[in-house]
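In what follows, a single structure is set out as structure tokens and then discussed.
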Amino acid sequence: MTLGMDRDATKHRRWQNTFLAGAIVFGMAALGDAAGTSYALSAPGYVFADGELTGEILVLALAVALMLGCVALGRRHDRQRASLVAEHEHWLPPLTERDGQGQVDLDVETARLRPLVVRSVGLVLGWLAVLAGVVAGFVAMSASADHLLKTGTRVTGEVLGVYKHSRGEDTIHVEYPVGYGDVAYPTGYGDLRFADIVWDSGRSYRKGQRITVIYDKADPARVRTLEETNDDPAWTWVLTVGTAAGGIGLVLSVIAAVNWRRRSRAVRATGWRIASVTVVPDKPMRSNRHLPDINVRYRDGTTITLRAATSSHGAAPLKHEPNRRAWIGGTDRDMVVLFPHGRWREPPYAVPAYALNLRVAAQPAAAPVPEDPEQVAFVKRKVRWFVIALFGWFAALVAVSVLLMVLNLLWPMFFVVVVGSLVPLPLTQLYFSRMRTAPEKK
């Protein structure tokens with residue numbers, strides 16, 4: 001295998017991850033759209049706006065088609081990469097008796113990689129439960145506001161103030177009578193109450209304007225208007241954070257489950273090789289940060305440089321002990337470094353990693369390569385344009401969300417926000433992977 005073939009294998013793996021993330025995002029969009037449409041069809045009294053049901057069906061069909069397309073392309077790159085990395089001696093030396101188990105039962109540790117896959121699948125289910133809870137929370141808030149609109153007591157109130165806040169929700173301050181006409185108030189006037197109502201409909205208000213206020217007779221402090229649902233800002237914030245956390249957590253958990261499965265299969269195919277390893281964190285801080293490198297020296301004198309992969313099994317806490325014993329298994333982008341124990345735990349500790357180069361014979365240390373001003377300027381320029389593009393993307397996302405909110409298309413708005421927030425993840429990976437190779441091509 002040549003170095004060019006190794007780069008081809010790395011390229012195929014990056015495309016695999018990109019299409020995997022795309023399949024997750026579009027799958028979440030399809031699942032959310034199906035859940036929202038099912039709720040709308042089953043909810044009593046829900047009336048679809050003109051073209052809303054057709055739009056929901058088209059979004060579902062498009063999301064499913066894109067998800068299946070990403071899955072098919074990802075499997076294609078998986079097969080192409082597998083054909084390039086079939087020979088594992090490019091990353092591991094031949095297996096000898098010197099790679100004996102010693103203080104660690106390597107067969108047991110190979111089997112213990114499978115529970116890591118199960119744990120990742122459990123996290124996937126957990127994040128799905130979080131997203132289901134978020135959807136249930138939004139549905140409950142919407143149902144509560146609709147119930148108050150239908151059963152609440154309607155009175156004429158007055159706008160006492162209109163407030164636009166730099167932080168938090170805009171509000172209107174209103175007064176409204178409570179108990180008007182009840183037998184408990186023989187004068188017929190009732191009591192005046194005051195409330196701050198969340199202003200998120202986009203309708204304009206002015207001081208002194210008369211509006212219809214709807215309050216709960218059992219709890220007069222619970223109010224809304226015909227246009228303003230007055231959802232609890234604290235719960236709205238919690239559900240919004242839950243949506244973002246659940247979406248990102250689900251994507252990362254699915255990727256972790258798939259990658260741990262690949263690593264488990266790779267280690268079972270190759271076995272373990274004993275080595276001396278040194279964890280090198282990315283310090284001092286640089287503009288292009290990365291996870292720690294792991295310098296590996298096998299017993300036959302050959303060396304290879306790995307980089308820790310994104311995982312809860314991090315390598316940074318192990319930097320305090322250089323040239324420590326460890327075992328290496330797997331190939332190419334699916335490698336595992338097995339330490340006899342972690343920093344704070346006695347059982348063996350597995351760290352996921354991927355190869356930065358092929359296994360080479362030992363060489364004397366080279367002098368540090370000075371930074372290329374042209375390359376530094378190139379990276380800064382590309383990062384600047386990427387930040388601008390990302391800002392423009394989210395500005396457009398906010399504009400579309402506001403438009404859908406004005407049109408009262410709440411479910412489409414919810415899906416646009418979730419999917420639009422997750423789309424930059426695979427695009428970011430693709431962009432920076434291409435940016436790293438651009439200076440080399442120059």
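Following the order of the structure tokens, chains are lettered A, B, ..., residues in each are numbered from 1, and ligands are numbered from 1.
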Requested in this report: Pull the alpha helix (DSSP H) assignments for segment 171-386 of chain A out of DSSP run on the backbone, and list those residues as a PyMOL selection string.
Outcome: chain A and resi 233-270+373-386
Query raised in the report: In terms of the shortest atom-to-atom distance over only C-alpha atoms, which of A:Ala361, A:Leu31, A:Thr37, A:Ala353 is closest to Leu53 of chain A?
Result: A:Thr37
**Report entry** Two-atom distance - atom CA of Val258 of chain A, atom CA of Val117 of chain A (Å)
**Finding:** 7.6 Å
